[in-house]
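Notes for the one structure printed next.
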Amino acid sequence: MTSKLIASNLRHHLTKPAKNLRRQLLSTAAEAAVPEQDGNSSSGMMMKGVRISGRPLYLDVQATSPVDPRVLDAMLPFYLSRFGNPHSRTHFYGWESDEAVEHARAQVASLIGASPKEIVFTSGATESNNISVKGVMHFYKDKKRHVITTQTEHKCVLDSCRHLQQEGFDVTYLPVESDGLIDLEKLRAAIRPDTGLVSVMAVNNEIGVVQPVEEIGRVCKEFNVPFHTDAAQALGKIPIDVDKWNVSLMSLSGHKVYGPKGVGALYLRRRPRIRVEPQMNGGGQERGIRSGTIPTPLVVGMGAACEVAKNEMEYDEKRISGLQQRLLNGIREKLDGVVVNGSLERRYAGNLNLSFAYVEGESLLMGLKEVAVSSGSACTSASLEPSYVLRALGVEEDMAHTSIRFGIGRFTTESEIDRAVELTVQQVEKLREMSPLYEMVKEGINIKDIQWAQH
């Protein structure tokens, strides 16, 4: 297969002597990707001012997933020989690309129990969320002026809602319980005659809790309110049925399901029909909802990723659940003061968000240089503020600051989990040894009873 030939060629180049490597690289982009060496190759490499001994273990699958080799195999012909524009109607190159796009559309639809005619390809879940939230409310703006969402939604949904507020719409941000789930009675009470949309994400990207989507859909159907769900983290990980869930719109992402970055999809129900105002003007592709040339290789990759996920979801779930238990038990056997954020019963097993008492989260992250993990959403982890998702759960600020999200995926191994446990335990113990608060707790002092004086 083409990907094997490319991999073989890369290995051939990379195993040649290092002094010849730079002139043998195929492009300036490849050259830029090779980290600068400081002459001491045995000490590892420098990246963003941090020295690491080699590539870390990857446990951040909620941020992005590696492309499955089978997906890459499906994509490569559409970069090399089948490069036609799928909107070219007058020749073979366009016809074969169009056929590939429609096949991918059917693959995506099959995974969620939809019709291919209800799938619109976009650049990703962020664009799909923007079309859903702003597009629906703009289309029905004469009669519908109210949106309901939750405090723990992805940034792009929250920011789309804030944008609507600036335009004069009303938005209700539902609180969540301490386990991260919404109260259905609060949702029911929040619905008004002018409510135009309810938007609740299926699987939370930071804490992995699975909302009661089917029950939410039932409430929305009872009040005849369109229901949108951001299912970027749910696609290919939990069973999805758009009819059972009663969703009107659903946002999907390619790179969260072992597909390529830069492609996503929007499910738009046809019966009863939901209408949206396009957020981009152009040639009227994708039924006028999302203008722009469809990137055939990316779309083909997303379709292939969905087909693989459909065939292997059950196996992946069992395997990932076992690895999650191995990780959680391994850490809890050796450390006290470890808290799981979010419901343990209603959560996707591949997302394990832990808080470590008496440890500063940023210090822990910096100490775990050999493990690629994050302190929350990749979209907001650059901020030093505690996670707004954890704060919405009622997690105290000190514990919110100590949270680490471990992401387990299809290609994670048992040895990687064991190594991650070992390194995490080592680093937490090291930081606690330096913590006067932890010393006080060990001596039986209740820190919350201390009256701290300001000087």
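Ordered as shown in the structure tokens, chains take letters A, B, and onward, while each chain numbers its residues from 1 and ligands are numbered from 1 in the order shown.
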
Quick one: residues within 9 Å of A:Leu368, only C-alpha atoms, excluding same-chain residues fewer than 2 positions away - as a PyMOL selection string?
chain A and resi 363-366+370-373+420+423-424+427

Kindly export the residues of the current selection with C-alpha atoms, as an mmCIF file, in the first residue's frame.
```cif
data_model
loop_
_atom_site.group_PDB
_atom_site.id
_atom_site.type_symbol
_atom_site.label_atom_id
_atom_site.label_comp_id
_atom_site.auth_asym_id
_atom_site.auth_seq_id
_atom_site.Cartn_x
_atom_site.Cartn_y
_atom_site.Cartn_z
ATOM 1 C CA SER A 363 4.317 22.156 38.169
ATOM 2 C CA LEU A 364 2.976 18.643 37.730
ATOM 3 C CA LEU A 365 2.578 19.151 33.980
ATOM 4 C CA MET A 366 6.119 20.488 33.652
ATOM 5 C CA GLU A 370 7.792 12.284 29.253
ATOM 6 C CA VAL A 371 3.991 12.070 29.128
ATOM 7 C CA ALA A 372 1.903 14.213 26.770
ATOM 8 C CA VAL A 373 -1.132 15.148 28.879
ATOM 9 C CA ALA A 420 2.482 6.962 32.932
ATOM 10 C CA LEU A 423 6.015 8.904 36.273
ATOM 11 C CA THR A 424 2.851 10.515 37.688
ATOM 12 C CA GLN A 427 6.231 13.557 40.306
#
```

Check stretch 20-246 of chain A with DSSP on the backbone and list each residue it calls helix (DSSP H, G or I), as JSON, numbers by chain.
{"A": [20, 21, 22, 23, 24, 28, 29, 30, 31, 32, 33, 41, 42, 43, 69, 70, 71, 72, 73, 74, 75, 77, 78, 79, 80, 92, 93, 94, 95, 96, 97, 98, 99, 100, 101, 102, 103, 104, 105, 106, 107, 108, 109, 110, 111, 112, 116, 117, 118, 125, 126, 127, 128, 129, 130, 131, 132, 133, 134, 135, 136, 137, 138, 139, 155, 156, 157, 158, 159, 160, 161, 162, 163, 164, 165, 166, 184, 185, 186, 187, 188, 189, 190, 213, 214, 215, 216, 217, 218, 219, 220, 221, 222, 242, 243, 244, 245]}

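Nearest-residue note for A:His103: choosing from A:Arg332, A:Ile417, A:His255, A:Cys306, the minimum distance belongs to A:Cys306, counting only C-alpha atoms.
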
Return the single residue from A:Leu266, A:Val198, A:Val176, A:Leu235 that is closest to A:Ile216, with distances computed using only C-alpha atoms.
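Under the stated criterion, the closest residue is A:Val198.
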
Quick one: which stretch 45-126 of chain A residues come within 8 Å of stretch 393-414 of chain A, and what is the nearest atom pair for each with the distance in Å to one decimal, counting only C-alpha atoms, rows ordered by chain and ascending number, as a tab-separated table?
```
residue	atom	partner	partner_atom	distance
A:Tyr58	CA	A:Thr412	CA	7.8
A:Leu59	CA	A:Gly407	CA	4.6
A:Asp60	CA	A:Gly407	CA	4.5
A:Val61	CA	A:Gly407	CA	4.8
A:Gln62	CA	A:Gly407	CA	5.9
A:Ser65	CA	A:Gly409	CA	7.7
```

Residue selection dump (all heavy atoms) as a PDB file, in the first residue's frame:
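Written out: again32.pdb:
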```pdb
ATOM      1  N   TYR A  58       1.998   9.473  24.385  1.00  0.00           N
ATOM      2  CA  TYR A  58       0.888  10.348  24.006  1.00  0.00           C
ATOM      3  C   TYR A  58      -0.395   9.922  24.711  1.00  0.00           C
ATOM      4  O   TYR A  58      -0.977   8.881  24.412  1.00  0.00           O
ATOM      5  CB  TYR A  58       0.662  10.335  22.489  1.00  0.00           C
ATOM      6  CG  TYR A  58      -0.336  11.396  22.055  1.00  0.00           C
ATOM      7  CD1 TYR A  58       0.024  12.740  22.049  1.00  0.00           C
ATOM      8  CD2 TYR A  58      -1.640  11.053  21.709  1.00  0.00           C
ATOM      9  CE1 TYR A  58      -0.875  13.715  21.692  1.00  0.00           C
ATOM     10  CE2 TYR A  58      -2.554  12.030  21.349  1.00  0.00           C
ATOM     11  CZ  TYR A  58      -2.165  13.360  21.338  1.00  0.00           C
ATOM     12  OH  TYR A  58      -3.074  14.339  20.991  1.00  0.00           O
ATOM     13  N   LEU A  59      -0.821  10.735  25.674  1.00  0.00           N
ATOM     14  CA  LEU A  59      -2.060  10.488  26.412  1.00  0.00           C
ATOM     15  C   LEU A  59      -2.914  11.759  26.409  1.00  0.00           C
ATOM     16  O   LEU A  59      -3.356  12.247  27.454  1.00  0.00           O
ATOM     17  CB  LEU A  59      -1.768  10.038  27.846  1.00  0.00           C
ATOM     18  CG  LEU A  59      -1.130   8.652  28.019  1.00  0.00           C
ATOM     19  CD1 LEU A  59      -0.867   8.369  29.495  1.00  0.00           C
ATOM     20  CD2 LEU A  59      -2.026   7.565  27.426  1.00  0.00           C
ATOM     21  N   ASP A  60      -3.124  12.300  25.216  1.00  0.00           N
ATOM     22  CA  ASP A  60      -3.915  13.523  25.075  1.00  0.00           C
ATOM     23  C   ASP A  60      -4.871  13.390  23.888  1.00  0.00           C
ATOM     24  O   ASP A  60      -4.991  14.284  23.058  1.00  0.00           O
ATOM     25  CB  ASP A  60      -2.991  14.732  24.900  1.00  0.00           C
ATOM     26  CG  ASP A  60      -3.688  16.049  25.202  1.00  0.00           C
ATOM     27  OD1 ASP A  60      -4.757  16.019  25.839  1.00  0.00           O
ATOM     28  OD2 ASP A  60      -3.165  17.104  24.800  1.00  0.00           O
ATOM     29  N   VAL A  61      -5.549  12.240  23.826  1.00  0.00           N
ATOM     30  CA  VAL A  61      -6.364  11.897  22.655  1.00  0.00           C
ATOM     31  C   VAL A  61      -7.579  12.818  22.513  1.00  0.00           C
ATOM     32  O   VAL A  61      -8.119  12.952  21.422  1.00  0.00           O
ATOM     33  CB  VAL A  61      -6.807  10.410  22.727  1.00  0.00           C
ATOM     34  CG1 VAL A  61      -7.625  10.007  21.518  1.00  0.00           C
ATOM     35  CG2 VAL A  61      -5.585   9.520  22.821  1.00  0.00           C
ATOM     36  N   GLN A  62      -8.012  13.472  23.614  1.00  0.00           N
ATOM     37  CA  GLN A  62      -9.133  14.398  23.486  1.00  0.00           C
ATOM     38  C   GLN A  62      -8.730  15.659  22.709  1.00  0.00           C
ATOM     39  O   GLN A  62      -9.581  16.298  22.099  1.00  0.00           O
ATOM     40  CB  GLN A  62      -9.673  14.804  24.863  1.00  0.00           C
ATOM     41  CG  GLN A  62     -10.634  13.803  25.468  1.00  0.00           C
ATOM     42  CD  GLN A  62      -9.960  12.511  25.866  1.00  0.00           C
ATOM     43  OE1 GLN A  62      -8.911  12.526  26.499  1.00  0.00           O
ATOM     44  NE2 GLN A  62     -10.541  11.387  25.513  1.00  0.00           N
ATOM     45  N   SER A  65      -6.347  12.988  17.808  1.00  0.00           N
ATOM     46  CA  SER A  65      -5.962  11.585  17.729  1.00  0.00           C
ATOM     47  C   SER A  65      -5.045  11.384  16.528  1.00  0.00           C
ATOM     48  O   SER A  65      -5.143  12.119  15.549  1.00  0.00           O
ATOM     49  CB  SER A  65      -7.203  10.692  17.595  1.00  0.00           C
ATOM     50  OG  SER A  65      -7.928  11.032  16.429  1.00  0.00           O
TER      51      SER A  65
END
```

Within 12 Å of A:Gln325, counting only C-alpha atoms, which residues qualify if same-chain residues fewer than 2 places away don't, as an mmCIF file with N, CA, C and O atoms, in the first residue's frame?
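Written output follows (around04.cif):
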```cif
data_model
loop_
_atom_site.group_PDB
_atom_site.id
_atom_site.type_symbol
_atom_site.label_atom_id
_atom_site.label_comp_id
_atom_site.auth_asym_id
_atom_site.auth_seq_id
_atom_site.Cartn_x
_atom_site.Cartn_y
_atom_site.Cartn_z
ATOM 1 N N LYS A 318 -14.077 -1.817 25.066
ATOM 2 C CA LYS A 318 -13.650 -2.794 26.083
ATOM 3 C C LYS A 318 -12.176 -2.612 26.427
ATOM 4 O O LYS A 318 -11.786 -2.633 27.594
ATOM 5 N N ARG A 319 -11.373 -2.443 25.396
ATOM 6 C CA ARG A 319 -9.935 -2.326 25.606
ATOM 7 C C ARG A 319 -9.584 -1.032 26.362
ATOM 8 O O ARG A 319 -8.792 -1.041 27.311
ATOM 9 N N ILE A 320 -10.196 0.065 25.948
ATOM 10 C CA ILE A 320 -9.904 1.357 26.573
ATOM 11 C C ILE A 320 -10.417 1.385 28.012
ATOM 12 O O ILE A 320 -9.770 1.954 28.904
ATOM 13 N N SER A 321 -11.558 0.751 28.272
ATOM 14 C CA SER A 321 -12.075 0.672 29.654
ATOM 15 C C SER A 321 -11.094 -0.060 30.564
ATOM 16 O O SER A 321 -10.859 0.349 31.712
ATOM 17 N N GLY A 322 -10.504 -1.135 30.050
ATOM 18 C CA GLY A 322 -9.505 -1.875 30.825
ATOM 19 C C GLY A 322 -8.274 -1.036 31.118
ATOM 20 O O GLY A 322 -7.738 -1.060 32.241
ATOM 21 N N LEU A 323 -7.836 -0.249 30.124
ATOM 22 C CA LEU A 323 -6.663 0.612 30.318
ATOM 23 C C LEU A 323 -6.978 1.737 31.303
ATOM 24 O O LEU A 323 -6.118 2.137 32.100
ATOM 25 N N LEU A 327 -4.967 2.458 34.765
ATOM 26 C CA LEU A 327 -4.379 3.761 35.089
ATOM 27 C C LEU A 327 -4.884 4.278 36.432
ATOM 28 O O LEU A 327 -4.093 4.670 37.304
ATOM 29 N N LEU A 328 -6.203 4.253 36.621
ATOM 30 C CA LEU A 328 -6.788 4.792 37.850
ATOM 31 C C LEU A 328 -6.378 3.979 39.070
ATOM 32 O O LEU A 328 -5.963 4.540 40.098
ATOM 33 N N ASN A 329 -6.463 2.649 38.964
ATOM 34 C CA ASN A 329 -6.080 1.794 40.093
ATOM 35 C C ASN A 329 -4.604 1.919 40.409
ATOM 36 O O ASN A 329 -4.196 1.935 41.576
ATOM 37 N N GLY A 330 -3.780 2.011 39.358
ATOM 38 C CA GLY A 330 -2.332 2.130 39.553
ATOM 39 C C GLY A 330 -1.964 3.382 40.319
ATOM 40 O O GLY A 330 -1.081 3.369 41.187
ATOM 41 N N ILE A 331 -2.642 4.495 40.015
ATOM 42 C CA ILE A 331 -2.354 5.760 40.696
ATOM 43 C C ILE A 331 -2.913 5.746 42.113
ATOM 44 O O ILE A 331 -2.239 6.151 43.075
ATOM 45 N N ARG A 332 -4.147 5.248 42.278
ATOM 46 C CA ARG A 332 -4.782 5.275 43.603
ATOM 47 C C ARG A 332 -4.142 4.314 44.592
ATOM 48 O O ARG A 332 -4.216 4.535 45.804
ATOM 49 N N GLU A 333 -3.519 3.244 44.092
ATOM 50 C CA GLU A 333 -2.842 2.311 44.987
ATOM 51 C C GLU A 333 -1.645 2.952 45.673
ATOM 52 O O GLU A 333 -1.257 2.556 46.776
ATOM 53 N N LEU A 344 -18.367 8.986 37.483
ATOM 54 C CA LEU A 344 -17.625 7.766 37.140
ATOM 55 C C LEU A 344 -18.513 6.791 36.379
ATOM 56 O O LEU A 344 -18.028 5.977 35.600
ATOM 57 N N ALA A 349 -14.839 6.167 28.834
ATOM 58 C CA ALA A 349 -13.698 5.596 29.561
ATOM 59 C C ALA A 349 -12.354 6.174 29.127
ATOM 60 O O ALA A 349 -11.403 6.201 29.913
ATOM 61 N N GLY A 350 -12.259 6.655 27.898
ATOM 62 C CA GLY A 350 -10.976 7.150 27.393
ATOM 63 C C GLY A 350 -10.569 8.502 27.931
ATOM 64 O O GLY A 350 -9.468 8.978 27.650
ATOM 65 N N ASN A 351 -11.445 9.140 28.703
ATOM 66 C CA ASN A 351 -11.149 10.449 29.279
ATOM 67 C C ASN A 351 -11.147 10.315 30.799
ATOM 68 O O ASN A 351 -12.177 10.060 31.405
ATOM 69 N N LEU A 352 -9.974 10.459 31.392
ATOM 70 C CA LEU A 352 -9.855 10.371 32.852
ATOM 71 C C LEU A 352 -9.247 11.668 33.368
ATOM 72 O O LEU A 352 -8.064 11.932 33.170
ATOM 73 N N ILE A 408 -6.935 8.277 26.742
ATOM 74 C CA ILE A 408 -6.542 6.930 26.316
ATOM 75 C C ILE A 408 -7.232 6.626 24.990
ATOM 76 O O ILE A 408 -8.438 6.865 24.852
ATOM 77 N N GLU A 414 -0.568 -1.076 27.160
ATOM 78 C CA GLU A 414 -0.482 -1.306 28.609
ATOM 79 C C GLU A 414 0.834 -0.784 29.170
ATOM 80 O O GLU A 414 0.876 -0.221 30.269
ATOM 81 N N ILE A 417 0.616 2.883 29.743
ATOM 82 C CA ILE A 417 -0.170 3.194 30.948
ATOM 83 C C ILE A 417 0.675 2.972 32.196
ATOM 84 O O ILE A 417 0.695 3.809 33.111
ATOM 85 N N ASP A 418 1.394 1.857 32.239
ATOM 86 C CA ASP A 418 2.236 1.555 33.410
ATOM 87 C C ASP A 418 3.314 2.615 33.596
ATOM 88 O O ASP A 418 3.607 3.037 34.725
ATOM 89 N N VAL A 421 1.719 5.799 34.938
ATOM 90 C CA VAL A 421 1.449 5.667 36.379
ATOM 91 C C VAL A 421 2.728 5.916 37.167
ATOM 92 O O VAL A 421 2.749 6.699 38.131
#
```

Distance query A:Gly135 at most 9 Å, only C-alpha atoms, self and fewer than 6 positions along chain excluded, as a list in words:
Arg275, Val276, Glu277, Pro278 and Gln279 of chain A

From the set A:Leu390, A:Val209, A:Ala304, A:Leu197, which residue has the shortest atom-to-atom contact distance to A:Ala74, counting only C-alpha atoms?
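That would be A:Ala304, the residue with the smallest distance to A:Ala74.
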